[in-house]
Each structure stands twice: as structure tokens, then as C-alpha cells.
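**Q** You'll find target_4.cif just under this line, and it carries mmCIF, C-alpha atoms.
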```cif
data_my_file
#
loop_
_atom_site.label_atom_id
_atom_site.label_comp_id
_atom_site.auth_asym_id
_atom_site.auth_seq_id
_atom_site.Cartn_x
_atom_site.Cartn_y
_atom_site.Cartn_z
CA MET Z 70 -99.66 -60.89 -49.49
CA THR Z 71 -102.27 -58.46 -50.80
CA GLN Z 72 -101.17 -54.90 -50.08
CA ASN Z 73 -104.52 -53.22 -50.81
CA ILE Z 74 -107.86 -54.41 -49.41
CA ARG Z 75 -111.24 -52.89 -50.24
CA THR Z 76 -113.82 -53.32 -47.48
CA ARG Z 77 -115.66 -51.28 -44.90
CA ILE Z 78 -113.16 -50.09 -42.29
CA THR Z 79 -114.08 -51.45 -38.86
CA HIS Z 80 -112.25 -52.26 -35.64
CA GLN Z 81 -112.33 -55.94 -36.54
CA LYS Z 82 -110.79 -55.35 -39.98
CA ILE Z 83 -108.10 -53.09 -38.53
CA LYS Z 84 -106.95 -55.86 -36.17
CA SER Z 85 -106.08 -58.10 -39.11
CA ILE Z 86 -104.18 -55.56 -41.21
CA GLN Z 87 -100.45 -56.28 -41.62
CA PRO Z 88 -97.51 -53.81 -41.91
CA GLY Z 89 -97.45 -52.29 -45.39
CA GLN Z 90 -101.12 -53.10 -46.08
CA THR Z 91 -103.80 -50.53 -46.87
CA ILE Z 92 -107.55 -50.85 -46.40
CA TRP Z 93 -109.63 -48.74 -48.79
CA ASP Z 94 -113.09 -48.09 -47.42
CA SER Z 95 -115.83 -49.54 -49.63
CA ASP Z 96 -118.34 -46.80 -48.64
CA ILE Z 97 -116.35 -43.57 -48.95
CA PRO Z 98 -114.18 -43.00 -52.08
CA GLY Z 99 -110.54 -42.27 -51.26
CA PHE Z 100 -110.91 -42.94 -47.52
CA GLY Z 101 -108.43 -45.49 -46.17
CA ILE Z 102 -106.13 -46.65 -43.41
CA ARG Z 103 -102.55 -47.90 -43.73
CA ARG Z 104 -100.45 -49.83 -41.24
CA HIS Z 105 -96.88 -48.60 -40.89
CA LYS Z 106 -94.22 -50.34 -38.85
CA LYS Z 107 -95.47 -48.99 -35.52
CA SER Z 108 -98.71 -47.17 -36.25
CA LEU Z 109 -101.95 -47.03 -38.27
CA THR Z 110 -102.87 -43.86 -40.15
CA TYR Z 111 -106.23 -42.75 -41.57
CA PHE Z 112 -106.06 -40.73 -44.81
CA LEU Z 113 -108.14 -39.34 -47.65
CA LYS Z 114 -106.99 -39.45 -51.28
CA TYR Z 115 -108.77 -37.00 -53.60
CA ARG Z 116 -108.42 -34.82 -56.68
CA PHE Z 117 -108.49 -31.05 -56.59
CA GLY Z 118 -108.54 -29.65 -60.10
CA ARG Z 119 -105.91 -31.62 -61.99
CA ARG Z 120 -103.89 -32.46 -58.89
CA GLN Z 121 -104.09 -35.68 -56.91
CA ARG Z 122 -103.82 -34.94 -53.20
CA TRP Z 123 -103.34 -36.93 -49.99
CA PHE Z 124 -104.62 -35.66 -46.66
CA THR Z 125 -103.57 -37.34 -43.39
CA ILE Z 126 -106.53 -37.46 -41.02
CA GLY Z 127 -104.59 -38.88 -38.07
CA ARG Z 128 -103.27 -41.94 -36.29
CA HIS Z 129 -105.59 -44.73 -35.21
CA GLY Z 130 -106.32 -44.37 -31.50
CA LEU Z 131 -107.78 -41.56 -29.43
CA PRO Z 132 -109.46 -39.61 -30.89
CA TRP Z 133 -109.37 -41.37 -34.27
CA ALA Z 134 -111.47 -44.55 -34.33
CA PRO Z 135 -113.09 -45.82 -37.58
CA GLU Z 136 -116.35 -43.89 -37.14
CA GLN Z 137 -114.70 -40.62 -36.11
CA ALA Z 138 -112.25 -40.88 -39.05
CA ARG Z 139 -115.15 -41.71 -41.41
CA ARG Z 140 -117.06 -38.60 -40.31
CA GLU Z 141 -113.93 -36.49 -40.78
CA ALA Z 142 -113.46 -37.91 -44.30
CA LEU Z 143 -117.06 -36.99 -45.21
CA LYS Z 144 -116.52 -33.51 -43.79
CA LEU Z 145 -113.34 -33.11 -45.87
CA LEU Z 146 -115.15 -34.25 -49.04
CA GLY Z 147 -117.77 -31.57 -48.36
CA THR Z 148 -115.03 -28.97 -48.02
CA ILE Z 149 -113.47 -30.11 -51.30
CA ALA Z 150 -116.85 -29.96 -53.05
CA SER Z 151 -117.21 -26.33 -51.94
CA GLY Z 152 -113.95 -25.46 -53.75
CA VAL Z 153 -111.53 -25.49 -50.82
CA ASP Z 154 -108.41 -27.69 -50.84
CA PRO Z 155 -107.82 -28.92 -47.24
CA ALA Z 156 -104.23 -29.94 -47.97
CA LYS Z 157 -103.51 -26.40 -49.19
CA LYS Z 158 -104.91 -25.03 -45.94
CA ILE Z 159 -102.41 -27.16 -44.01
CA GLU Z 160 -99.57 -25.94 -46.24
CA ASP Z 161 -100.63 -22.32 -45.69
CA ALA Z 162 -100.72 -22.94 -41.92
CA ARG Z 163 -97.18 -24.32 -42.06
CA GLU Z 164 -96.00 -21.27 -43.95
CA SER Z 165 -97.59 -19.00 -41.35
CA MET Z 166 -95.99 -20.86 -38.41
CA THR Z 167 -93.90 -18.66 -36.13
CA ILE Z 168 -90.42 -19.52 -34.87
CA ALA Z 169 -91.87 -19.89 -31.35
CA GLU Z 170 -94.34 -22.50 -32.68
CA LEU Z 171 -91.58 -24.22 -34.65
CA ALA Z 172 -89.40 -24.33 -31.52
CA TRP Z 173 -92.18 -26.04 -29.57
CA LYS Z 174 -92.69 -28.57 -32.36
CA PHE Z 175 -88.93 -29.14 -32.57
CA LEU Z 176 -88.69 -29.81 -28.83
CA GLU Z 177 -91.76 -32.02 -28.64
CA GLU Z 178 -91.29 -34.14 -31.77
CA HIS Z 179 -87.52 -34.29 -32.09
CA VAL Z 180 -85.52 -33.24 -29.03
CA ASP Z 181 -87.58 -34.85 -26.25
CA ALA Z 182 -88.05 -38.01 -28.32
CA LYS Z 183 -84.50 -38.51 -29.61
CA ARG Z 184 -82.06 -36.77 -27.27
CA LYS Z 185 -80.89 -37.66 -23.78
CA PRO Z 186 -82.47 -35.63 -20.94
CA LYS Z 187 -79.44 -33.40 -20.29
CA THR Z 188 -78.99 -32.63 -24.00
CA ALA Z 189 -82.72 -31.91 -24.28
CA ALA Z 190 -82.48 -29.54 -21.30
CA ASP Z 191 -79.57 -27.70 -22.94
CA TYR Z 192 -81.51 -27.34 -26.21
CA ARG Z 193 -84.57 -26.08 -24.35
CA ALA Z 194 -82.54 -23.52 -22.41
CA LEU Z 195 -80.97 -22.09 -25.60
CA LEU Z 196 -84.34 -21.87 -27.32
CA GLU Z 197 -86.17 -20.31 -24.39
CA ARG Z 198 -83.46 -17.88 -23.27
CA VAL Z 199 -81.73 -16.91 -26.50
CA ILE Z 200 -83.44 -17.88 -29.75
CA VAL Z 201 -87.20 -17.43 -29.17
CA PRO Z 202 -86.84 -14.02 -27.43
CA LYS Z 203 -84.94 -12.74 -30.49
CA ILE Z 204 -86.88 -14.18 -33.45
CA GLY Z 205 -89.82 -16.04 -31.88
CA SER Z 206 -92.48 -13.78 -33.44
CA MET Z 207 -91.08 -14.09 -37.00
CA ARG Z 208 -92.69 -16.43 -39.53
CA VAL Z 209 -90.56 -19.46 -40.33
CA PRO Z 210 -90.16 -18.67 -44.08
CA GLU Z 211 -89.21 -15.04 -43.28
CA VAL Z 212 -86.04 -15.81 -41.32
CA GLU Z 213 -82.89 -15.00 -43.29
CA ARG Z 214 -79.19 -15.54 -42.76
CA LEU Z 215 -78.77 -11.99 -41.45
CA ASP Z 216 -81.23 -12.73 -38.61
CA ILE Z 217 -79.24 -15.79 -37.55
CA TYR Z 218 -75.95 -13.93 -37.91
CA ALA Z 219 -77.21 -11.20 -35.55
CA ILE Z 220 -77.96 -13.77 -32.82
CA HIS Z 221 -74.60 -15.48 -33.29
CA ALA Z 222 -72.68 -12.20 -33.33
CA LYS Z 223 -74.34 -10.92 -30.16
CA MET Z 224 -73.09 -14.02 -28.32
CA ARG Z 225 -69.47 -13.64 -29.48
CA VAL Z 226 -68.20 -13.02 -25.92
CA THR Z 227 -69.27 -16.62 -25.14
CA PRO Z 228 -68.11 -18.42 -28.30
CA TYR Z 229 -68.93 -21.90 -27.03
CA GLN Z 230 -72.57 -20.98 -26.31
CA ALA Z 231 -72.80 -19.01 -29.57
CA ASN Z 232 -71.75 -22.06 -31.57
CA ARG Z 233 -74.15 -24.34 -29.65
CA ALA Z 234 -77.01 -21.94 -30.39
CA LEU Z 235 -76.06 -21.94 -34.09
CA ALA Z 236 -76.03 -25.76 -34.14
CA VAL Z 237 -79.47 -25.96 -32.48
CA MET Z 238 -80.94 -23.44 -34.93
CA SER Z 239 -79.41 -25.26 -37.89
CA LYS Z 240 -80.97 -28.57 -36.84
CA MET Z 241 -84.32 -26.90 -36.24
CA PHE Z 242 -84.36 -25.29 -39.70
CA ASN Z 243 -83.33 -28.57 -41.34
CA LEU Z 244 -86.40 -30.16 -39.80
CA ALA Z 245 -88.50 -27.17 -40.85
CA GLU Z 246 -87.62 -28.09 -44.44
CA THR Z 247 -88.53 -31.74 -43.80
CA TRP Z 248 -91.88 -30.67 -42.32
CA GLY Z 249 -92.63 -28.47 -45.32
CA CYS Z 250 -92.38 -25.19 -43.37
CA ARG Z 251 -89.51 -23.87 -45.53
CA PRO Z 252 -88.37 -24.56 -49.10
CA PRO Z 253 -85.68 -27.24 -49.56
CA ALA Z 254 -82.03 -26.12 -49.12
CA SER Z 255 -83.08 -22.81 -47.53
CA ASN Z 256 -81.53 -23.25 -44.07
CA PRO Z 257 -80.51 -19.70 -43.04
CA CYS Z 258 -77.72 -21.03 -40.79
CA ARG Z 259 -75.68 -22.24 -43.75
CA GLY Z 260 -72.56 -20.20 -44.44
CA ILE Z 261 -72.25 -18.70 -40.93
CA GLU Z 262 -68.77 -19.39 -39.63
CA LYS Z 263 -68.41 -20.67 -36.09
CA TYR Z 264 -66.22 -18.88 -33.55
CA PRO Z 265 -62.90 -20.50 -32.58
CA GLU Z 266 -63.24 -22.25 -29.23
CA LYS Z 267 -60.32 -22.24 -26.83
CA ALA Z 268 -59.56 -25.61 -25.29
CA ARG Z 269 -60.83 -25.50 -21.72
CA LYS Z 270 -59.15 -28.64 -20.46
CA ARG Z 271 -56.31 -28.76 -17.97
CA ASN Z 272 -54.46 -32.01 -17.52
CA PHE Z 273 -53.64 -33.22 -14.05
CA THR Z 274 -49.92 -33.54 -13.44
CA LYS Z 275 -48.47 -36.10 -11.05
CA GLU Z 276 -47.91 -33.34 -8.49
CA MET Z 277 -51.55 -32.28 -8.77
CA TYR Z 278 -52.74 -35.84 -8.12
CA VAL Z 279 -50.56 -35.96 -5.00
CA ALA Z 280 -52.02 -32.67 -3.75
CA LEU Z 281 -55.57 -33.79 -4.54
CA GLY Z 282 -55.08 -37.07 -2.68
CA SER Z 283 -53.73 -35.27 0.39
CA ALA Z 284 -56.68 -32.87 0.42
CA LEU Z 285 -59.13 -35.76 0.16
CA ASP Z 286 -57.37 -37.61 2.99
CA GLU Z 287 -57.49 -34.49 5.15
CA ALA Z 288 -61.20 -34.06 4.43
CA GLU Z 289 -61.83 -37.68 5.44
CA VAL Z 290 -59.98 -37.17 8.75
CA SER Z 291 -62.03 -34.02 9.43
CA ASN Z 292 -65.19 -35.96 8.62
CA CYS Z 293 -64.27 -38.68 11.13
CA LYS Z 294 -63.68 -36.05 13.82
CA ILE Z 295 -67.01 -34.37 13.11
CA GLU Z 296 -68.83 -37.71 13.09
CA GLY Z 297 -67.24 -38.58 16.44
CA MET Z 298 -68.32 -35.28 18.00
CA ASN Z 299 -71.84 -35.71 16.58
CA ARG Z 300 -72.01 -39.15 18.20
CA GLU Z 301 -71.05 -37.54 21.50
CA LEU Z 302 -73.82 -34.98 21.03
CA ASP Z 303 -76.33 -37.74 20.31
CA ALA Z 304 -75.91 -38.95 23.88
CA PHE Z 305 -77.37 -35.67 25.13
CA ARG Z 306 -80.13 -35.09 22.55
CA HIS Z 307 -82.91 -37.32 23.85
CA ARG Z 308 -82.87 -36.67 27.58
CA PRO Z 309 -82.80 -33.71 29.95
CA LEU Z 310 -79.30 -32.33 30.51
CA LYS Z 311 -77.68 -32.89 33.89
CA PRO Z 312 -75.81 -30.13 35.71
CA GLY Z 313 -72.62 -29.25 33.83
CA GLU Z 314 -73.64 -31.06 30.63
CA LYS Z 315 -74.85 -27.92 28.90
CA GLU Z 316 -71.30 -26.56 28.96
CA MET Z 317 -70.03 -29.84 27.45
CA VAL Z 318 -72.64 -29.63 24.68
CA ASP Z 319 -71.72 -26.02 23.92
CA VAL Z 320 -68.02 -26.94 23.68
CA LEU Z 321 -68.78 -29.80 21.27
CA LYS Z 322 -70.95 -27.56 19.06
CA LYS Z 323 -68.24 -24.91 19.02
CA ARG Z 324 -65.64 -27.47 17.94
CA ILE Z 325 -67.90 -28.70 15.12
CA ARG Z 326 -68.47 -25.12 13.90
CA SER Z 327 -64.73 -24.44 13.99
CA CYS Z 328 -64.18 -27.22 11.43
CA GLY Z 329 -66.00 -25.12 8.85
CA TYR Z 330 -67.41 -26.73 5.71
CA VAL Z 331 -66.20 -30.28 5.15
CA PRO Z 332 -67.45 -32.31 2.15
CA SER Z 333 -69.49 -35.39 2.97
CA VAL Z 334 -68.11 -38.92 2.75
CA ALA Z 335 -70.28 -39.44 -0.33
CA ALA Z 336 -68.82 -36.37 -2.07
CA ILE Z 337 -65.23 -37.30 -1.19
CA SER Z 338 -65.79 -40.85 -2.48
CA ALA Z 339 -67.35 -39.55 -5.70
CA ILE Z 340 -64.26 -37.41 -6.40
CA ARG Z 341 -61.96 -40.37 -5.72
CA LEU Z 342 -63.94 -42.55 -8.14
CA LEU Z 343 -63.90 -39.86 -10.82
CA ALA Z 344 -60.12 -39.50 -10.50
CA ILE Z 345 -59.33 -43.21 -10.62
CA THR Z 346 -61.84 -44.30 -13.29
CA GLY Z 347 -61.94 -41.29 -15.63
CA ALA Z 348 -65.72 -41.73 -15.72
CA ARG Z 349 -68.13 -38.90 -16.44
CA LYS Z 350 -69.58 -37.07 -13.44
CA SER Z 351 -73.13 -38.23 -14.22
CA GLU Z 352 -71.95 -41.85 -14.50
CA ILE Z 353 -70.61 -41.81 -10.95
CA LEU Z 354 -73.32 -39.69 -9.31
CA LYS Z 355 -76.10 -41.81 -10.85
CA LEU Z 356 -74.34 -45.13 -10.27
CA LYS Z 357 -76.57 -47.79 -8.69
CA TRP Z 358 -75.41 -50.71 -6.55
CA MET Z 359 -77.25 -53.14 -8.82
CA TRP Z 360 -74.77 -52.28 -11.60
CA VAL Z 361 -71.71 -52.98 -9.41
CA ASP Z 362 -70.22 -56.49 -9.36
CA LEU Z 363 -67.33 -56.54 -6.90
CA GLU Z 364 -66.74 -60.26 -7.40
CA THR Z 365 -66.04 -60.04 -11.14
CA GLY Z 366 -64.54 -56.56 -10.84
CA VAL Z 367 -66.79 -54.63 -13.22
CA ILE Z 368 -69.40 -51.88 -13.21
CA LEU Z 369 -71.93 -52.40 -16.00
CA LEU Z 370 -73.65 -49.13 -16.88
CA PRO Z 371 -76.81 -49.85 -18.91
CA ASP Z 372 -76.63 -46.37 -20.43
CA SER Z 373 -74.18 -43.48 -20.69
CA LYS Z 374 -73.62 -40.59 -23.07
CA THR Z 375 -72.53 -43.09 -25.74
CA GLY Z 376 -74.65 -46.09 -24.70
CA ALA Z 377 -73.88 -49.09 -22.49
CA LYS Z 378 -70.46 -48.94 -20.85
CA THR Z 379 -68.18 -51.14 -18.72
CA ILE Z 380 -66.01 -49.65 -15.97
CA TYR Z 381 -63.30 -52.00 -14.69
CA ILE Z 382 -62.68 -52.09 -10.95
CA ASP Z 383 -59.08 -51.98 -9.78
CA GLY Z 384 -57.92 -52.17 -6.16
CA GLY Z 385 -58.38 -48.46 -5.53
CA VAL Z 386 -61.91 -48.40 -6.92
CA GLN Z 387 -62.81 -51.52 -4.94
CA GLN Z 388 -61.51 -49.95 -1.75
CA VAL Z 389 -63.69 -46.85 -2.24
CA LEU Z 390 -66.77 -48.95 -3.08
CA GLU Z 391 -66.28 -51.22 -0.07
CA SER Z 392 -65.96 -48.21 2.23
CA LEU Z 393 -69.24 -46.85 0.82
CA LEU Z 394 -71.02 -50.11 1.70
CA ALA Z 395 -71.01 -48.93 5.32
CA TYR Z 396 -73.13 -45.93 4.25
CA ARG Z 397 -75.50 -47.90 2.01
CA LEU Z 398 -79.16 -47.13 2.77
CA LEU Z 399 -81.96 -49.65 2.40
CA ASN Z 400 -84.27 -47.14 0.70
CA ASN Z 401 -81.57 -45.71 -1.61
CA PRO Z 402 -80.28 -47.63 -4.68
CA TYR Z 403 -77.42 -45.19 -5.37
CA VAL Z 404 -73.74 -45.70 -4.55
CA ILE Z 405 -73.34 -41.94 -3.91
CA PRO Z 406 -76.39 -41.10 -1.76
CA GLY Z 407 -77.72 -37.56 -1.59
CA GLY Z 408 -79.43 -35.57 1.12
CA LYS Z 409 -82.95 -36.43 -0.05
CA GLU Z 410 -84.41 -39.83 0.70
CA GLY Z 411 -83.90 -42.30 -2.14
CA GLN Z 412 -81.91 -39.84 -4.28
CA HIS Z 413 -78.30 -39.57 -5.42
CA LEU Z 414 -75.96 -36.67 -4.70
CA VAL Z 415 -76.79 -33.98 -7.24
CA ASN Z 416 -74.14 -31.27 -7.02
CA LEU Z 417 -70.39 -31.67 -6.53
CA LYS Z 418 -69.54 -28.03 -7.16
CA LYS Z 419 -69.18 -26.94 -3.51
CA PRO Z 420 -67.32 -30.10 -2.37
CA TRP Z 421 -64.98 -29.89 -5.38
CA GLN Z 422 -64.17 -26.22 -4.74
CA ALA Z 423 -63.43 -26.98 -1.07
CA ILE Z 424 -61.10 -29.86 -1.98
CA VAL Z 425 -59.14 -28.08 -4.75
CA SER Z 426 -58.84 -24.97 -2.58
CA LYS Z 427 -57.37 -27.11 0.22
CA ALA Z 428 -55.05 -28.74 -2.34
CA GLY Z 429 -53.86 -25.37 -3.62
CA LEU Z 430 -55.10 -26.12 -7.14
CA GLU Z 431 -56.49 -23.26 -9.18
CA ASP Z 432 -58.63 -23.17 -12.31
CA VAL Z 433 -59.35 -26.90 -12.43
CA ARG Z 434 -62.71 -28.50 -13.16
CA ILE Z 435 -64.05 -31.91 -12.24
CA HIS Z 436 -64.11 -32.78 -15.94
CA ASP Z 437 -60.33 -32.25 -16.04
CA LEU Z 438 -60.01 -35.54 -14.16
CA ARG Z 439 -61.06 -37.30 -17.40
CA HIS Z 440 -58.36 -35.45 -19.31
CA GLY Z 441 -55.89 -36.39 -16.60
CA MET Z 442 -56.81 -40.06 -16.91
CA ALA Z 443 -56.34 -39.89 -20.67
CA GLN Z 444 -52.97 -38.14 -20.37
CA MET Z 445 -51.73 -40.66 -17.80
CA ALA Z 446 -52.74 -43.48 -20.15
CA VAL Z 447 -50.96 -41.80 -23.09
CA ASP Z 448 -47.84 -41.33 -20.93
CA GLY Z 449 -48.12 -45.03 -20.09
CA GLY Z 450 -47.76 -45.89 -23.77
CA HIS Z 451 -51.33 -47.06 -24.37
CA SER Z 452 -53.05 -46.65 -27.75
CA LEU Z 453 -55.72 -44.03 -28.41
CA PRO Z 454 -58.45 -46.60 -29.27
CA ALA Z 455 -57.79 -48.41 -25.97
CA ILE Z 456 -57.93 -45.13 -24.04
CA GLY Z 457 -61.16 -44.28 -25.85
CA GLY Z 458 -62.56 -47.58 -24.62
CA VAL Z 459 -61.80 -46.66 -21.02
CA LEU Z 460 -63.34 -43.20 -21.32
CA GLY Z 461 -66.36 -44.45 -23.27
CA HIS Z 462 -65.79 -42.45 -26.46
CA SER Z 463 -68.19 -43.35 -29.27
CA GLU Z 464 -65.38 -43.64 -31.85
CA VAL Z 465 -64.28 -46.92 -30.29
CA ALA Z 466 -67.54 -48.50 -31.48
CA THR Z 467 -65.93 -48.97 -34.89
CA THR Z 468 -63.66 -51.66 -33.37
CA SER Z 469 -66.59 -53.68 -31.98
CA ARG Z 470 -65.88 -56.63 -34.30
CA TYR Z 471 -62.71 -57.21 -32.27
CA ALA Z 472 -64.81 -57.32 -29.10
CA ARG Z 473 -62.74 -59.78 -27.07
CA SER Z 474 -59.31 -58.30 -27.66
CA SER Z 475 -60.75 -54.78 -27.33
CA HIS Z 476 -62.29 -55.54 -23.92
CA GLU Z 477 -59.08 -57.13 -22.64
CA LEU Z 478 -57.01 -54.16 -23.80
CA THR Z 479 -59.48 -51.66 -22.34
CA LYS Z 480 -59.43 -53.51 -19.02
CA ALA Z 481 -55.62 -53.47 -18.95
CA VAL Z 482 -55.50 -49.73 -19.60
CA ALA Z 483 -58.14 -49.03 -16.94
CA MET Z 484 -56.44 -51.16 -14.30
CA GLN Z 485 -52.91 -49.92 -14.93
CA THR Z 486 -53.79 -46.23 -15.25
CA GLY Z 487 -56.22 -46.30 -12.32
CA LYS Z 488 -53.60 -47.97 -10.16
CA ALA Z 489 -50.99 -45.33 -11.11
CA ILE Z 490 -53.36 -42.46 -10.26
CA GLY Z 491 -54.40 -44.12 -7.00
CA GLU Z 492 -50.77 -44.56 -5.93
CA LEU Z 493 -50.05 -40.89 -6.66
CA MET Z 494 -53.06 -39.79 -4.61
CA ARG Z 495 -51.96 -41.99 -1.69
CA SER Z 496 -48.32 -40.92 -1.84
CA GLY Z 497 -49.08 -37.59 -0.18
CA ALA Z 498 -50.03 -39.40 3.01
CA SER Z 499 -46.71 -41.23 3.29
#
```
Using C-alpha cells, write down the structure from this file.
**A**
Amino acid sequence: MTQNIRTRITHQKIKSIQPGQTIWDSDIPGFGIRRHKKSLTYFLKYRFGRRQRWFTIGRHGLPWAPEQARREALKLLGTIASGVDPAKKIEDARESMTIAELAWKFLEEHVDAKRKPKTAADYRALLERVIVPKIGSMRVPEVERLDIYAIHAKMRVTPYQANRALAVMSKMFNLAETWGCRPPASNPCRGIEKYPEKARKRNFTKEMYVALGSALDEAEVSNCKIEGMNRELDAFRHRPLKPGEKEMVDVLKKRIRSCGYVPSVAAISAIRLLAITGARKSEILKLKWMWVDLETGVILLPDSKTGAKTIYIDGGVQQVLESLLAYRLLNNPYVIPGGKEGQHLVNLKKPWQAIVSKAGLEDVRIHDLRHGMAQMAVDGGHSLPAIGGVLGHSEVATTSRYARSSHELTKAVAMQTGKAIGELMRSGAS
């Protein structure tokens, strides 16, 4: 296949060009277009003094069509003839780029395109709240290690955030080198030592699971009582009250208020699923019914933090899911419905605090349920790779060539550990 074709560049010619081929325009010296794997790029090749230079005009598509690119090539040749090197102007512009401009480019071309939405949001928050306010006005080549050290040192009271900010800056400056905005091997983040991070996990003990289960059961009973009283109120809401009924309504409202805050059925169910499955919070809150197969006993997540993931359904999980079927809404695809129409439950912070407070548990996070699942599996004698399969850790991907045995082992760990946790959570009611 001929890689280089010389002809006048037109829409018709562009349609026939294959990946790796270049069309050199027969009318304008050095003007061409090359097809890459997923795009077409117009360029101009020229000499400035003794140097051969390449200037990228832009990708084919709005605004660059053959005629617009041709006019731009002629304009560039005029600039070159007047003694100005257009490629040098671009290099100078890169060198004069500010950190604020680099941060925007980093977010737009790298973070938003290659990172998951939550990770992208975390990067954006660090850049907007911490990094850009401190060094945003500096030119990219001017930033030195001392500038980065000052930002890192000022955040020492929050070592975890300080280290995340350092990692974001390091990646951004690596790309700045790739984009020609800084010299190679000049990343100012190199050599800055990270702060030690204290482990923030707390494993759930068997006694804690019992207390958690009791608190969840109590919340469910309170929910049933409140639902019953609300149904009684419904009988009075759409008609004029008869003599004596106003007092009955007031008594019912007073009883409902006396119950205080009680988490919703959706929130209670979400916490149960998190405890039994060891899944991530986002995996449960964003779970859709279309991914649940009760007949085969699996939940097939098309995407998670580490890609596609299978959650195996044991008896406890199935019981929770079947109870949620009664609350399934026609216009809502989510297993854990939220307050807004068609949306999932967004925040578990308030329900979780109410439940752990009722259970008498202090300083525990929802994420600790994952650690608890892992610890229970370890105590059950299961291997670390198998536990990683249940939790969806990316390291387990290295065992993918043993797919069948790996899936069977992962399923066994999930079923046995989930059953053990479920039994502990139910034991408080006996």
C-alpha cells in the first residue's frame, strides 16, 4: 500500500485515505494531510533557515475542511517568507503558559478524558481549591521544587490530602514535559517525600455486626410503624374532617414526630447490602435492576472502580433484594431509589450515623464494612487472591487466565462470608 500520495487535497480524496497514509497537496509545497488511527490531521512541512519544521494546522472537521486548511497553509507560508517561524511562536506560547492555563489543559485533555467521574472531580477540586490559588499565576517553566514543597508542607495537618495534591501536580508536570511546556526530566515534584498516612480502617468484629444488625432491625420496625400511621393519615387527607377527627389526626402526627429521624427502607437496605457483599458504596447506590439476575444468583456490574465486576447473591442478599421489589418504581431503574424521580439514593451519611449511633458504635465509616468483609474472609481461611476477587481489587486481574477456577473460588468466598455476616447481623434479634 502506498503510504504517500501526491494530489490535490479534496473531500473526495480524503474519504479514500487509509490509516498511515499521507496525501501531499500537489498545489501547495509542504501542505498535507495524514490519517492516524482515529483522526485526520492537516500539516505544513517547511524549512526555516537550516531547520526542517512541521506545523500542525489542525484535525479534519470543523473548522478545518480542505479549503480552510489550504488557506491557512498559504497564510503560514507568507509568515515564513516574512522571516517569522510559526512553530517557534507556538513553542514560545507554551513556555509562557501559566499554571492556571496548564491546569485547564490537564483537566480537559487528560483527566476528563481518561479518569472516572469521581476521580476527575477529586482532581478538579484539588486544582481549583489548593494548587491554582497558590501558583496559578506562575509560568510553567518557572515553577521549582521549593514552590511545590511549600504547598505540600502547608497541607501537613491533612497528610492524605497533601499527598494526593502532590500526586496530581506530579502527573500534571509530567504531561507538561510531554506537551513541550517544560524541559524533559524537570518535574519539580521529584524528590519531595510524601507524609506517612495513618491507616483509617476499622475492622468490624463479630460483636459489632450483631449490634449493627439489631440497629437495622429496630429501624425497620420503626419504619413499619411510621408507614402504618401515615396510611391512617391518608384516610383523612382528601376529605373534610368530621367532628372529633382533627384530634385523631393531631395524635397521629404527634406520634410520628416522636419517632424522630428514622432512615428510609432504601437506606437500611443499602447498608445491609454493603455489609453482606463488601461492595463499594457507589456500586450499591448506583445498582440498577437490569444488572440483577435473581435466578442465576449474580449481579453483573458493567463498570466499577476496576472495571466490570460480578457480585454473587447469597440468601441474605436475595432476601434484601426481594424485599426491595415491593418498592420498585416504574420510572426508576435503580435498586436503591432516591427522593428525586428516576434517581438513586445519593447520600448515606445521615442514615449511617443514625444506625451506628443506635448500635453504640463509634468512629466507624461505611467503607469499614469492606474491611470487615475482608477480615471475615481471612478469618475463614480464604486466600488473598480469592478475597480480592470478591472485593473487586484490580490485582486479581493477573489471575484472569484461570478464569473458571477463579470465578468458582470467588463465588465460594462471597457466599460463605456473606452468609456468616448475615447470620451475625440476624443473631441480635434472637
**Q** For this file, the PyMOL selection byres ((chain Z and resi 437) around 8) selects which residues, as number ranges by chain?
**A** Z: 270-273, 433-436, 438-441
**Q** May I ask for the distance between CA of Val209 (chain Z) and CA of Tyr264 (chain Z), given in Å to one decimal place?
**A**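 So the answer is 25.3 Å.
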**Q** Give me, as a list in words, all polymer residues having an atom no more than 8 Å from region 277-284 of chain Z, counting only C-alpha atoms and skipping those fewer than 5 positions away in the same chain.
**A**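 Within the cut-off, the hits are Ile424, Val425, Lys427, Ala428, Gly429, Leu430, Ile490, Leu493, Met494, Arg495, Ser496, Gly497 and Ala498 of chain Z.
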**Q** Counting all atoms listed in the file, write as an NGL selection string all protein and nucleic acid residues lying at most 9 Å from (-74.7, -32.1, 18.6) in the file's frame.
**A** :Z and (298-306 or 318-319 or 321-322 or 325)
**Q** If the PyMOL selection byres ((chain Z and resi 484) around 9) is run on the structure shown, which residues does it catch, given as a VMD selection string?
**A** chain Z and resid 346 381 to 384 479 to 483 485 to 489
